[in-house]
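*Asks:* The file below is work33.txt, compact mmCIF, C-alpha atoms:
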```
# COMPACT_ATOMS: atom_id res chain seq x y z
CA MET P 1 -9.30 16.76 -5.11
CA SER P 2 -12.32 19.04 -5.54
CA LEU P 3 -10.86 20.20 -8.85
CA LEU P 4 -11.73 16.84 -10.40
CA PRO P 5 -15.27 16.16 -11.67
CA PRO P 6 -17.28 13.84 -9.38
CA GLN P 7 -17.43 10.92 -11.84
CA ILE P 8 -13.63 10.82 -11.87
CA THR P 9 -13.29 10.88 -8.08
CA LYS P 10 -15.98 8.18 -7.91
CA ALA P 11 -14.08 5.89 -10.29
CA ILE P 12 -10.85 6.50 -8.35
CA GLU P 13 -12.65 5.72 -5.09
CA GLU P 14 -14.10 2.46 -6.45
CA PHE P 15 -10.75 1.33 -7.87
CA SER P 16 -9.11 2.03 -4.47
CA LYS P 17 -11.39 -0.55 -2.86
CA LEU P 18 -9.71 -3.34 -4.80
CA PRO P 19 -6.91 -5.34 -3.18
CA GLY P 20 -3.42 -4.10 -4.04
CA ILE P 21 -4.69 -0.85 -5.57
CA GLY P 22 -3.90 2.27 -3.55
CA SER P 23 -5.14 5.76 -4.26
CA LYS P 24 -2.21 6.58 -6.57
CA SER P 25 -2.74 3.42 -8.65
CA ALA P 26 -6.47 4.12 -8.74
CA GLU P 27 -5.80 7.59 -10.14
CA ARG P 28 -3.42 6.17 -12.72
CA LEU P 29 -5.92 3.50 -13.81
CA THR P 30 -8.75 6.01 -14.10
CA PHE P 31 -6.79 8.47 -16.22
CA HIS P 32 -5.35 5.61 -18.27
CA LEU P 33 -8.89 4.51 -19.12
CA LEU P 34 -9.78 8.05 -20.11
CA ARG P 35 -7.12 8.28 -22.77
CA SER P 36 -6.18 4.71 -23.70
CA SER P 37 -7.03 3.43 -27.14
CA LYS P 38 -6.84 -0.24 -26.06
CA ALA P 39 -8.84 -0.24 -22.84
CA SER P 40 -11.99 1.82 -22.43
CA PRO P 41 -14.01 2.62 -19.31
CA GLU P 42 -17.24 1.65 -21.10
CA THR P 43 -16.01 -1.85 -22.02
CA LEU P 44 -14.57 -2.59 -18.60
CA GLY P 45 -17.62 -1.01 -16.99
CA LYS P 46 -19.97 -3.18 -18.99
CA ALA P 47 -17.93 -6.31 -18.33
CA LEU P 48 -18.15 -5.63 -14.60
CA THR P 49 -21.84 -4.76 -14.65
CA ASP P 50 -22.49 -8.01 -16.52
CA LEU P 51 -20.23 -10.02 -14.24
CA LYS P 52 -22.91 -11.37 -11.98
CA VAL P 53 -25.70 -11.45 -14.58
CA GLU P 54 -26.72 -15.03 -15.34
CA LEU P 55 -23.80 -16.20 -13.22
CA LYS P 56 -24.74 -19.29 -11.29
CA TYR P 57 -23.01 -21.55 -8.86
CA CYS P 58 -23.15 -25.31 -9.46
CA ARG P 59 -25.67 -26.73 -7.01
CA HIS P 60 -23.26 -29.53 -6.09
CA CYS P 61 -19.74 -28.10 -6.03
CA GLN P 62 -20.46 -24.30 -6.00
CA MET P 63 -18.19 -23.74 -8.99
CA VAL P 64 -19.10 -20.68 -11.09
CA THR P 65 -21.14 -21.83 -14.05
CA LEU P 66 -23.91 -20.86 -16.45
CA GLN P 67 -26.12 -23.87 -15.68
CA ASP P 68 -27.47 -25.35 -12.49
CA GLU P 69 -24.81 -28.01 -12.64
CA CYS P 70 -21.20 -27.57 -13.80
CA SER P 71 -19.63 -29.72 -16.50
CA ILE P 72 -17.43 -31.49 -13.97
CA CYS P 73 -20.29 -32.55 -11.69
CA ALA P 74 -22.33 -33.58 -14.77
CA ASP P 75 -19.54 -35.87 -15.96
CA THR P 76 -20.50 -39.41 -14.86
CA SER P 77 -17.08 -40.81 -15.78
CA ARG P 78 -15.51 -38.97 -12.86
CA ASP P 79 -15.17 -40.32 -9.33
CA HIS P 80 -18.00 -38.67 -7.40
CA ALA P 81 -16.94 -40.33 -4.14
CA MET P 82 -13.81 -38.20 -3.98
CA ILE P 83 -14.20 -34.49 -3.24
CA LEU P 84 -11.32 -32.06 -3.47
CA ILE P 85 -12.09 -28.96 -1.40
CA VAL P 86 -10.59 -25.72 -2.76
CA GLU P 87 -10.68 -22.04 -1.85
CA ASN P 88 -11.73 -20.60 -5.19
CA PRO P 89 -12.75 -21.38 -8.79
CA LEU P 90 -9.25 -20.76 -10.16
CA ASP P 91 -7.96 -23.61 -8.00
CA VAL P 92 -10.36 -25.94 -9.82
CA ILE P 93 -8.80 -24.93 -13.12
CA ALA P 94 -5.32 -25.54 -11.72
CA PHE P 95 -6.26 -29.04 -10.50
CA GLU P 96 -7.99 -29.83 -13.81
CA ARG P 97 -4.66 -29.23 -15.55
CA SER P 98 -3.03 -31.69 -13.14
CA GLY P 99 -5.26 -34.55 -14.30
CA TYR P 100 -7.34 -34.98 -11.11
CA LYS P 101 -10.36 -37.22 -11.81
CA GLY P 102 -12.63 -36.76 -8.80
CA VAL P 103 -15.03 -33.88 -8.18
CA TYR P 104 -14.60 -30.58 -6.33
CA HIS P 105 -16.11 -28.33 -3.73
CA VAL P 106 -15.41 -24.61 -3.93
CA LEU P 107 -15.50 -22.79 -0.58
CA HIS P 108 -15.26 -19.29 -2.11
CA GLY P 109 -12.85 -18.09 0.53
CA VAL P 110 -11.11 -19.19 3.70
CA LEU P 111 -11.76 -18.49 7.35
CA SER P 112 -10.28 -15.08 8.04
CA PRO P 113 -11.92 -13.15 10.88
CA ILE P 114 -9.98 -9.94 10.03
CA ASP P 115 -11.58 -9.88 6.58
CA GLY P 116 -14.98 -10.75 8.01
CA MET P 117 -14.87 -14.28 6.63
CA GLY P 118 -16.51 -16.64 9.11
CA PRO P 119 -17.93 -20.13 8.50
CA GLU P 120 -21.21 -18.58 7.28
CA GLN P 121 -19.45 -16.69 4.48
CA LEU P 122 -17.98 -19.91 3.09
CA ARG P 123 -19.91 -22.61 1.21
CA LEU P 124 -19.41 -24.97 4.14
CA LYS P 125 -23.03 -25.88 4.78
CA GLU P 126 -23.31 -27.08 1.18
CA LEU P 127 -20.20 -29.21 1.70
CA VAL P 128 -21.55 -30.80 4.88
CA ASP P 129 -24.89 -31.46 3.11
CA ARG P 130 -23.11 -33.14 0.20
CA CYS P 131 -21.32 -35.49 2.56
CA ALA P 132 -24.41 -36.21 4.69
CA ASP P 133 -25.54 -39.35 2.82
CA GLY P 134 -22.25 -41.16 3.47
CA LYS P 135 -21.52 -41.70 -0.23
CA VAL P 136 -18.40 -39.54 -0.17
CA GLU P 137 -15.44 -41.77 0.61
CA GLU P 138 -12.65 -39.25 0.63
CA ALA P 139 -12.47 -35.50 1.18
CA ILE P 140 -9.15 -33.96 0.17
CA VAL P 141 -8.70 -30.55 1.79
CA ALA P 142 -6.78 -28.41 -0.70
CA THR P 143 -6.77 -25.00 0.94
CA ASN P 144 -3.50 -23.07 0.61
CA PRO P 145 -0.67 -23.98 3.01
CA ASP P 146 -0.89 -20.70 4.95
CA VAL P 147 -2.35 -19.66 8.30
CA GLU P 148 -5.93 -19.16 7.04
CA GLY P 149 -5.78 -22.26 4.86
CA GLU P 150 -4.58 -24.46 7.72
CA ALA P 151 -7.22 -23.06 10.08
CA THR P 152 -9.91 -23.70 7.48
CA ALA P 153 -8.60 -27.24 6.94
CA SER P 154 -8.87 -28.00 10.68
CA PHE P 155 -12.34 -26.53 10.78
CA ILE P 156 -13.46 -28.67 7.84
CA ARG P 157 -12.00 -31.82 9.42
CA GLU P 158 -14.09 -31.20 12.56
CA ARG P 159 -17.23 -30.69 10.51
CA LEU P 160 -16.76 -33.75 8.29
CA LYS P 161 -15.17 -36.29 10.60
CA ASP P 162 -18.46 -38.09 11.38
CA LYS P 163 -19.58 -38.07 7.76
CA VAL P 164 -16.55 -38.91 5.65
CA GLU P 165 -14.31 -41.87 6.41
CA LYS P 166 -11.14 -40.52 4.89
CA ILE P 167 -10.23 -36.85 5.23
CA THR P 168 -6.87 -35.99 3.72
CA ARG P 169 -4.75 -32.91 3.15
CA LEU P 170 -2.53 -32.17 0.16
CA ALA P 171 1.07 -33.29 0.63
CA HIS P 172 3.53 -30.64 1.75
CA GLY P 173 7.09 -30.78 0.52
CA LEU P 174 9.44 -29.39 -2.05
CA PRO P 175 7.81 -28.14 -5.25
CA MET P 176 9.20 -29.46 -8.53
CA GLY P 177 12.28 -27.55 -9.63
CA ALA P 178 12.92 -26.16 -6.14
CA ASP P 179 16.41 -25.54 -4.79
CA ILE P 180 16.91 -27.17 -1.37
CA GLU P 181 19.45 -24.51 -0.46
CA PHE P 182 16.75 -21.85 -0.61
CA ALA P 183 13.81 -23.85 0.78
CA ASP P 184 12.37 -22.67 4.09
CA GLN P 185 12.74 -24.79 7.23
CA VAL P 186 9.06 -25.71 7.55
CA THR P 187 8.93 -27.00 3.96
CA LEU P 188 12.09 -29.05 4.54
CA LYS P 189 10.70 -30.52 7.76
CA GLU P 190 7.47 -31.46 5.97
CA ALA P 191 9.47 -32.95 3.09
CA VAL P 192 11.42 -35.17 5.49
CA ASP P 193 8.35 -36.13 7.56
CA GLY P 194 6.43 -37.01 4.43
CA ARG P 195 9.26 -38.94 2.75
CA ARG P 196 8.24 -41.78 0.51
CA LYS P 197 9.85 -45.10 -0.44
CA LEU P 198 11.92 -44.80 -3.60
CA MET Y 199 -9.94 -21.32 -19.02
CA SER Y 200 -12.99 -22.70 -20.79
CA LEU Y 201 -14.26 -23.90 -17.42
CA LEU Y 202 -15.02 -20.32 -16.44
CA PRO Y 203 -18.25 -18.64 -17.60
CA PRO Y 204 -17.70 -16.11 -20.41
CA GLN Y 205 -18.61 -13.03 -18.34
CA ILE Y 206 -15.82 -13.92 -15.91
CA THR Y 207 -13.20 -14.41 -18.64
CA LYS Y 208 -14.39 -11.15 -20.20
CA ALA Y 209 -13.90 -9.21 -16.96
CA ILE Y 210 -10.45 -10.79 -16.51
CA GLU Y 211 -9.54 -9.88 -20.07
CA GLU Y 212 -10.62 -6.25 -19.63
CA PHE Y 213 -8.75 -5.89 -16.34
CA SER Y 214 -5.60 -7.28 -18.01
CA LYS Y 215 -5.62 -4.38 -20.45
CA LEU Y 216 -4.88 -1.93 -17.63
CA PRO Y 217 -1.29 -0.88 -16.95
CA GLY Y 218 0.42 -2.88 -14.21
CA ILE Y 219 -2.29 -5.53 -14.11
CA GLY Y 220 -1.25 -8.93 -15.46
CA SER Y 221 -3.50 -11.91 -16.03
CA LYS Y 222 -3.02 -13.24 -12.49
CA SER Y 223 -3.88 -9.88 -10.90
CA ALA Y 224 -6.85 -9.59 -13.24
CA GLU Y 225 -8.14 -12.98 -12.05
CA ARG Y 226 -7.64 -11.97 -8.44
CA LEU Y 227 -9.47 -8.66 -8.90
CA THR Y 228 -12.38 -10.32 -10.69
CA PHE Y 229 -12.91 -12.98 -8.04
CA HIS Y 230 -12.38 -10.42 -5.31
CA LEU Y 231 -15.25 -8.37 -6.76
CA LEU Y 232 -17.43 -11.47 -6.87
CA ARG Y 233 -17.17 -12.14 -3.17
CA SER Y 234 -16.17 -8.87 -1.55
CA SER Y 235 -18.60 -7.10 0.71
CA LYS Y 236 -16.85 -3.73 0.36
CA ALA Y 237 -16.31 -3.50 -3.40
CA SER Y 238 -18.90 -4.69 -5.88
CA PRO Y 239 -18.64 -5.24 -9.63
CA GLU Y 240 -21.89 -3.31 -10.20
CA THR Y 241 -20.70 -0.17 -8.38
CA LEU Y 242 -17.28 -0.14 -10.06
CA GLY Y 243 -18.94 -1.03 -13.37
CA LYS Y 244 -21.38 1.85 -13.08
CA ALA Y 245 -18.66 4.28 -12.03
CA LEU Y 246 -16.65 3.36 -15.12
CA THR Y 247 -19.63 3.47 -17.48
CA ASP Y 248 -20.45 6.93 -16.14
CA LEU Y 249 -16.83 8.08 -16.31
CA LYS Y 250 -17.07 9.85 -19.63
CA VAL Y 251 -20.71 10.87 -19.33
CA GLU Y 252 -21.01 14.65 -19.01
CA LEU Y 253 -17.24 14.84 -18.74
CA LYS Y 254 -15.93 17.86 -20.56
CA TYR Y 255 -12.55 19.36 -21.14
CA CYS Y 256 -12.06 23.07 -20.42
CA ARG Y 257 -12.02 24.87 -23.77
CA HIS Y 258 -8.96 26.84 -22.71
CA CYS Y 259 -6.69 24.55 -20.69
CA GLN Y 260 -8.16 21.09 -21.51
CA MET Y 261 -8.52 20.24 -17.81
CA VAL Y 262 -11.30 17.73 -17.05
CA THR Y 263 -14.36 19.65 -15.93
CA LEU Y 264 -18.15 19.64 -15.90
CA GLN Y 265 -18.52 23.03 -17.60
CA ASP Y 266 -17.12 24.50 -20.79
CA GLU Y 267 -14.58 26.39 -18.75
CA CYS Y 268 -12.77 25.16 -15.65
CA SER Y 269 -12.75 27.09 -12.37
CA ILE Y 270 -9.08 27.99 -12.80
CA CYS Y 271 -9.50 29.54 -16.26
CA ALA Y 272 -12.66 31.33 -15.07
CA ASP Y 273 -10.74 32.93 -12.19
CA THR Y 274 -9.86 36.46 -13.32
CA SER Y 275 -7.55 37.04 -10.34
CA ARG Y 276 -5.04 34.56 -11.78
CA ASP Y 277 -2.23 35.45 -14.17
CA HIS Y 278 -3.51 34.40 -17.60
CA ALA Y 279 -0.29 35.41 -19.31
CA MET Y 280 1.58 32.54 -17.66
CA ILE Y 281 0.79 29.00 -18.80
CA LEU Y 282 2.14 25.95 -17.04
CA ILE Y 283 2.07 22.96 -19.40
CA VAL Y 284 1.49 19.60 -17.70
CA GLU Y 285 1.04 15.99 -18.79
CA ASN Y 286 -2.20 15.18 -17.00
CA PRO Y 287 -4.99 16.57 -14.80
CA LEU Y 288 -3.44 15.19 -11.60
CA ASP Y 289 -0.41 17.38 -12.20
CA VAL Y 290 -2.71 20.41 -12.08
CA ILE Y 291 -3.90 19.35 -8.65
CA ALA Y 292 -0.30 18.92 -7.50
CA PHE Y 293 0.68 22.42 -8.69
CA GLU Y 294 -2.46 23.93 -7.16
CA ARG Y 295 -1.25 22.67 -3.79
CA SER Y 296 2.09 24.40 -4.40
CA GLY Y 297 0.46 27.83 -4.65
CA TYR Y 298 1.04 28.48 -8.37
CA LYS Y 299 -1.05 31.44 -9.52
CA GLY Y 300 -0.93 31.30 -13.33
CA VAL Y 301 -3.07 29.10 -15.56
CA TYR Y 302 -2.46 25.64 -17.02
CA HIS Y 303 -2.52 23.61 -20.18
CA VAL Y 304 -3.09 19.85 -19.92
CA LEU Y 305 -1.52 17.81 -22.74
CA HIS Y 306 -3.22 14.53 -21.73
CA GLY Y 307 -0.09 12.51 -22.36
CA VAL Y 308 3.46 12.82 -23.60
CA LEU Y 309 5.08 11.97 -26.91
CA SER Y 310 5.71 8.24 -26.83
CA PRO Y 311 5.79 6.52 -30.23
CA ILE Y 312 5.83 3.03 -28.65
CA ASP Y 313 2.50 3.72 -26.98
CA GLY Y 314 1.11 5.28 -30.15
CA MET Y 315 1.24 8.79 -28.69
CA GLY Y 316 2.21 11.23 -31.40
CA PRO Y 317 1.69 15.03 -31.52
CA GLU Y 318 -1.89 14.48 -32.78
CA GLN Y 319 -2.83 12.49 -29.68
CA LEU Y 320 -1.79 15.35 -27.39
CA ARG Y 321 -3.69 18.63 -26.92
CA LEU Y 322 -0.88 20.49 -28.66
CA LYS Y 323 -2.91 22.23 -31.34
CA GLU Y 324 -5.05 23.79 -28.61
CA LEU Y 325 -1.88 25.00 -26.87
CA VAL Y 326 -0.48 26.56 -30.04
CA ASP Y 327 -3.87 28.22 -30.71
CA ARG Y 328 -3.94 29.66 -27.20
CA CYS Y 329 -0.54 31.24 -27.69
CA ALA Y 330 -1.29 32.54 -31.20
CA ASP Y 331 -2.49 36.01 -30.18
CA GLY Y 332 0.80 36.84 -28.44
CA LYS Y 333 -0.83 37.53 -25.09
CA VAL Y 334 0.93 34.65 -23.37
CA GLU Y 335 4.17 35.96 -21.91
CA GLU Y 336 5.59 32.79 -20.39
CA ALA Y 337 5.10 29.09 -21.05
CA ILE Y 338 6.52 26.85 -18.33
CA VAL Y 339 6.99 23.31 -19.61
CA ALA Y 340 6.29 20.99 -16.67
CA THR Y 341 6.43 17.53 -18.23
CA ASN Y 342 8.12 14.88 -16.11
CA PRO Y 343 11.94 14.80 -16.10
CA ASP Y 344 12.14 11.51 -18.02
CA VAL Y 345 12.89 10.56 -21.65
CA GLU Y 346 9.36 11.13 -22.96
CA GLY Y 347 8.90 14.27 -20.88
CA GLU Y 348 12.16 15.82 -22.16
CA ALA Y 349 11.33 14.93 -25.77
CA THR Y 350 7.88 16.47 -25.38
CA ALA Y 351 9.43 19.60 -23.83
CA SER Y 352 11.77 20.04 -26.83
CA PHE Y 353 8.89 19.53 -29.22
CA ILE Y 354 6.79 22.16 -27.44
CA ARG Y 355 9.67 24.64 -27.45
CA GLU Y 356 9.92 24.30 -31.26
CA ARG Y 357 6.20 24.82 -31.67
CA LEU Y 358 5.96 27.84 -29.38
CA LYS Y 359 9.24 29.67 -29.95
CA ASP Y 360 7.75 32.14 -32.47
CA LYS Y 361 4.66 32.75 -30.36
CA VAL Y 362 5.79 33.02 -26.75
CA GLU Y 363 8.65 35.21 -25.66
CA LYS Y 364 9.71 33.24 -22.63
CA ILE Y 365 9.63 29.44 -22.66
CA THR Y 366 10.94 27.90 -19.45
CA ARG Y 367 11.37 24.43 -17.98
CA LEU Y 368 10.90 23.45 -14.33
CA ALA Y 369 14.13 23.52 -12.33
CA HIS Y 370 15.93 20.23 -11.87
CA GLY Y 371 17.81 19.55 -8.67
CA LEU Y 372 17.55 17.86 -5.32
CA PRO Y 373 14.01 17.40 -4.01
CA MET Y 374 13.31 18.65 -0.48
CA GLY Y 375 14.36 16.11 2.13
CA ALA Y 376 16.66 14.27 -0.27
CA ASP Y 377 19.89 12.63 0.81
CA ILE Y 378 22.84 13.71 -1.34
CA GLU Y 379 24.55 10.40 -0.66
CA PHE Y 380 21.77 8.56 -2.49
CA ALA Y 381 21.04 11.09 -5.23
CA ASP Y 382 21.80 9.99 -8.80
CA GLN Y 383 24.60 11.64 -10.77
CA VAL Y 384 22.34 13.43 -13.27
CA THR Y 385 20.34 15.07 -10.48
CA LEU Y 386 23.56 16.15 -8.74
CA LYS Y 387 24.96 17.60 -11.96
CA GLU Y 388 21.72 19.52 -12.54
CA ALA Y 389 21.77 20.74 -8.94
CA VAL Y 390 25.31 22.12 -9.36
CA ASP Y 391 24.60 23.61 -12.80
CA GLY Y 392 21.46 25.30 -11.52
CA ARG Y 393 23.01 26.58 -8.27
CA ARG Y 394 21.61 29.82 -6.92
CA LYS Y 395 23.06 32.67 -4.90
CA LEU Y 396 22.50 32.17 -1.19
```
Represent the structure from my file as structure tokens, please.
*Replies:*
Amino acid sequence: MSLLPPQITKAIEEFSKLPGIGSKSAERLTFHLLRSSKASPETLGKALTDLKVELKYCRHCQMVTLQDECSICADTSRDHAMILIVENPLDVIAFERSGYKGVYHVLHGVLSPIDGMGPEQLRLKELVDRCADGKVEEAIVATNPDVEGEATASFIRERLKDKVEKITRLAHGLPMGADIEFADQVTLKEAVDGRRKL
Amino acid sequence: MSLLPPQITKAIEEFSKLPGIGSKSAERLTFHLLRSSKASPETLGKALTDLKVELKYCRHCQMVTLQDECSICADTSRDHAMILIVENPLDVIAFERSGYKGVYHVLHGVLSPIDGMGPEQLRLKELVDRCADGKVEEAIVATNPDVEGEATASFIRERLKDKVEKITRLAHGLPMGADIEFADQVTLKEAVDGRRKL
């Protein structure tokens, strides 16, 4: 690769560090930026350099925000005794669309020792602190239903069990529009176990 | 998405402009950069901002370089009467590995009206100028064997036919290690048509 100027190999190298982008994709992206009329390396470069500038995390829920407090936590009409614990900021947006009326807590990750994500890398201390005064009545753990998400959920339950009366987990079952024929066995078992009166 | 700070939506938007990156991938990349320990938005941002700084194109072959002339064109031991015409700089690196000893010409794209790539967007004028003095004996058109690559090859042949005596195209056929059983019909036809004496 010594035929390529160093700034090109550097850009390729940095792109390769991103998840799902191998060295071939990184090369393609770099050369695309060099000749594209729509995307430009300067614009993307500036957007990324600016990414963390002035970016704050809400002092209550750790959501990304521009103020000290996010608009959700500042909203007094919401139920502040109910905290929905999510992995990342995009989950908050998804739950907002669903009409949820409590508040949130963003962990910014899940426990995943392979990726170097331990309890200290998550915003867990902030969560425990928020629940310390006993005013939180329910904590809904909404991590993803996968290995890391389940492990994180158990970990959170242990940390909060003396502080929050009701700790719940999102319901598992068939998603809307699913086809039972193609559903996996664990989902079907959960759907039967969690059956509700019609 | 109004819940997200503008610099985050901006980064997502810029990532989405890249080929093969949809809005979901763009979100994932942006939030990955925010919390990753390995990749950082500042480093990638700086690499991209610097990408075009001091970047030059060789005045002969249009290869990306740091000088006015690339190391290949400056090498007098190479055959300057043979020009291999490629789509992009990475192709040069691939051919260098194969032991090719002539020089190159990088088009920086192929004809593709849908993507707004016409003859003016390619480094075609530079190619025609290079061949104008009649010193180039052979032009090997090495665009990819796909629709755009074939169209570009025909276009180049028309432009060069009065200037270069021998205009050739890379051989089509079975790649090394291929399995005839799984080869497509066009490749097999080309392999038979282009058969060589053993």
*Asks:* Between Y:Ala279, Y:Thr350, Y:Ser223, Y:Asp377, which has the minimum distance to Gly316 of chain Y (counting only C-alpha atoms)?
*Replies:*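 Ranking Y:Ala279, Y:Thr350, Y:Ser223, Y:Asp377 by distance to Gly316 of chain Y, first place goes to Y:Thr350.
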*Asks:* Define the interface residues of chain Y facing chain P as those within 6 Å, counting all atoms listed in the file, and report them as a list in words.
*Replies:*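 Putting it all together, I get Pro203, Gln205, Ala209, Glu212, Lys215, Ala237, Pro239, Glu240, Leu242, Gly243, Ala245, Leu246, Thr247, Leu249 and Thr263 of chain Y.
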*Asks:* Write the residues of the preceding selection, restricted to C-alpha atoms, as a PDB file, in the coordinates of the input.
*Replies:*
```pdb
ATOM      1  CA  PRO Y 203     -18.250 -18.640 -17.600  1.00  0.00           C
ATOM      2  CA  GLN Y 205     -18.610 -13.030 -18.340  1.00  0.00           C
ATOM      3  CA  ALA Y 209     -13.900  -9.210 -16.960  1.00  0.00           C
ATOM      4  CA  GLU Y 212     -10.620  -6.250 -19.630  1.00  0.00           C
ATOM      5  CA  LYS Y 215      -5.620  -4.380 -20.450  1.00  0.00           C
ATOM      6  CA  ALA Y 237     -16.310  -3.500  -3.400  1.00  0.00           C
ATOM      7  CA  PRO Y 239     -18.640  -5.240  -9.630  1.00  0.00           C
ATOM      8  CA  GLU Y 240     -21.890  -3.310 -10.200  1.00  0.00           C
ATOM      9  CA  LEU Y 242     -17.280  -0.140 -10.060  1.00  0.00           C
ATOM     10  CA  GLY Y 243     -18.940  -1.030 -13.370  1.00  0.00           C
ATOM     11  CA  ALA Y 245     -18.660   4.280 -12.030  1.00  0.00           C
ATOM     12  CA  LEU Y 246     -16.650   3.360 -15.120  1.00  0.00           C
ATOM     13  CA  THR Y 247     -19.630   3.470 -17.480  1.00  0.00           C
ATOM     14  CA  LEU Y 249     -16.830   8.080 -16.310  1.00  0.00           C
ATOM     15  CA  THR Y 263     -14.360  19.650 -15.930  1.00  0.00           C
TER      16      THR Y 263
END
```
*Asks:* What is the distance between atom CA of Ala132 of chain P and atom CA of Tyr100 of chain P, in Å to one decimal?
*Replies:*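 Between atom CA of Ala132 of chain P and atom CA of Tyr100 of chain P the gap is 23.3 Å.
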*Asks:* With distances taken over all atoms listed in the file, which of Y:Ala389, Y:Lys222, Y:Val326, Y:Ile281 is nearest to Glu356 of chain Y?
*Replies:*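 Ranking Y:Ala389, Y:Lys222, Y:Val326, Y:Ile281 by distance to Glu356 of chain Y, first place goes to Y:Val326.
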*Asks:* Around segment 340-348 of chain Y, with edges along x, y and z and 3 Å added on all six sides, what centre and edge lengths do you get, in Å to one decimal, as JSON?
*Replies:*
```
{"center_x": 9.6, "center_y": 15.8, "center_z": -19.5, "size_x": 12.6, "size_y": 16.4, "size_z": 12.9}
```
*Asks:* Excluding Ala153 of chain P and residues on its chain fewer than 4 positions from it, collect all residues at most 8 Å away from it, counting all atoms listed in the file, and give them as a list of chain:residue names.
*Replies:*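 Result of the neighbour search: P:Val141, P:Ala142, P:Thr143, P:Gly149, P:Arg157, P:Arg169.
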*Asks:* What does the structure give for the distance between atom CA of Ile140 of chain P and atom CA of Leu188 of chain P, in Å to one decimal?
*Replies:* 22.2 Å
*Asks:* Would you mind reading off the distance between atom CA of Arg195 of chain P and atom CA of His105 of chain P, one decimal, in Å?
*Replies:*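 So the answer is 28.3 Å.
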*Asks:* Determine, counting all atoms listed in the file, which protein, DNA and RNA residues have an atom within 12 Å of an atom of Gly332 of chain Y; residues of the same chain fewer than 6 positions away are not included. Present the result as a PyMOL selection string.
*Replies:* chain Y and resi 278-280+326+358-364
*Asks:* Could segment 129-139 of chain P be completed with N, CA, C and O atoms and written as an mmCIF file, in the frame of the given file, please?
*Replies:*
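The new file result18.cif reads:
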```cif
data_model
loop_
_atom_site.group_PDB
_atom_site.id
_atom_site.type_symbol
_atom_site.label_atom_id
_atom_site.label_comp_id
_atom_site.auth_asym_id
_atom_site.auth_seq_id
_atom_site.Cartn_x
_atom_site.Cartn_y
_atom_site.Cartn_z
ATOM 1 N N ASP P 129 -23.691 -30.824 3.683
ATOM 2 C CA ASP P 129 -24.890 -31.460 3.110
ATOM 3 C C ASP P 129 -24.530 -32.518 2.072
ATOM 4 O O ASP P 129 -25.151 -33.574 2.004
ATOM 5 N N ARG P 130 -23.517 -32.202 1.257
ATOM 6 C CA ARG P 130 -23.110 -33.140 0.200
ATOM 7 C C ARG P 130 -22.564 -34.427 0.785
ATOM 8 O O ARG P 130 -22.644 -35.482 0.156
ATOM 9 N N CYS P 131 -21.963 -34.320 1.964
ATOM 10 C CA CYS P 131 -21.320 -35.490 2.560
ATOM 11 C C CYS P 131 -22.278 -36.227 3.505
ATOM 12 O O CYS P 131 -21.923 -37.265 4.079
ATOM 13 N N ALA P 132 -23.498 -35.687 3.675
ATOM 14 C CA ALA P 132 -24.410 -36.210 4.690
ATOM 15 C C ALA P 132 -24.867 -37.642 4.412
ATOM 16 O O ALA P 132 -25.088 -38.417 5.342
ATOM 17 N N ASP P 133 -25.001 -38.016 3.135
ATOM 18 C CA ASP P 133 -25.540 -39.350 2.820
ATOM 19 C C ASP P 133 -24.501 -40.449 2.905
ATOM 20 O O ASP P 133 -24.802 -41.619 2.595
ATOM 21 N N GLY P 134 -23.276 -40.131 3.278
ATOM 22 C CA GLY P 134 -22.250 -41.160 3.470
ATOM 23 C C GLY P 134 -21.670 -41.736 2.190
ATOM 24 O O GLY P 134 -20.883 -42.680 2.233
ATOM 25 N N LYS P 135 -22.029 -41.162 1.038
ATOM 26 C CA LYS P 135 -21.520 -41.700 -0.230
ATOM 27 C C LYS P 135 -20.125 -41.178 -0.570
ATOM 28 O O LYS P 135 -19.451 -41.727 -1.422
ATOM 29 N N VAL P 136 -19.730 -40.085 0.083
ATOM 30 C CA VAL P 136 -18.400 -39.540 -0.170
ATOM 31 C C VAL P 136 -17.376 -40.334 0.635
ATOM 32 O O VAL P 136 -17.493 -40.446 1.853
ATOM 33 N N GLU P 137 -16.417 -40.928 -0.070
ATOM 34 C CA GLU P 137 -15.440 -41.770 0.610
ATOM 35 C C GLU P 137 -14.208 -41.000 1.064
ATOM 36 O O GLU P 137 -13.614 -41.322 2.084
ATOM 37 N N GLU P 138 -13.846 -40.007 0.254
ATOM 38 C CA GLU P 138 -12.650 -39.250 0.630
ATOM 39 C C GLU P 138 -12.842 -37.756 0.363
ATOM 40 O O GLU P 138 -13.314 -37.353 -0.697
ATOM 41 N N ALA P 139 -12.469 -36.953 1.353
ATOM 42 C CA ALA P 139 -12.470 -35.500 1.180
ATOM 43 C C ALA P 139 -11.026 -35.034 1.278
ATOM 44 O O ALA P 139 -10.369 -35.237 2.302
#
```
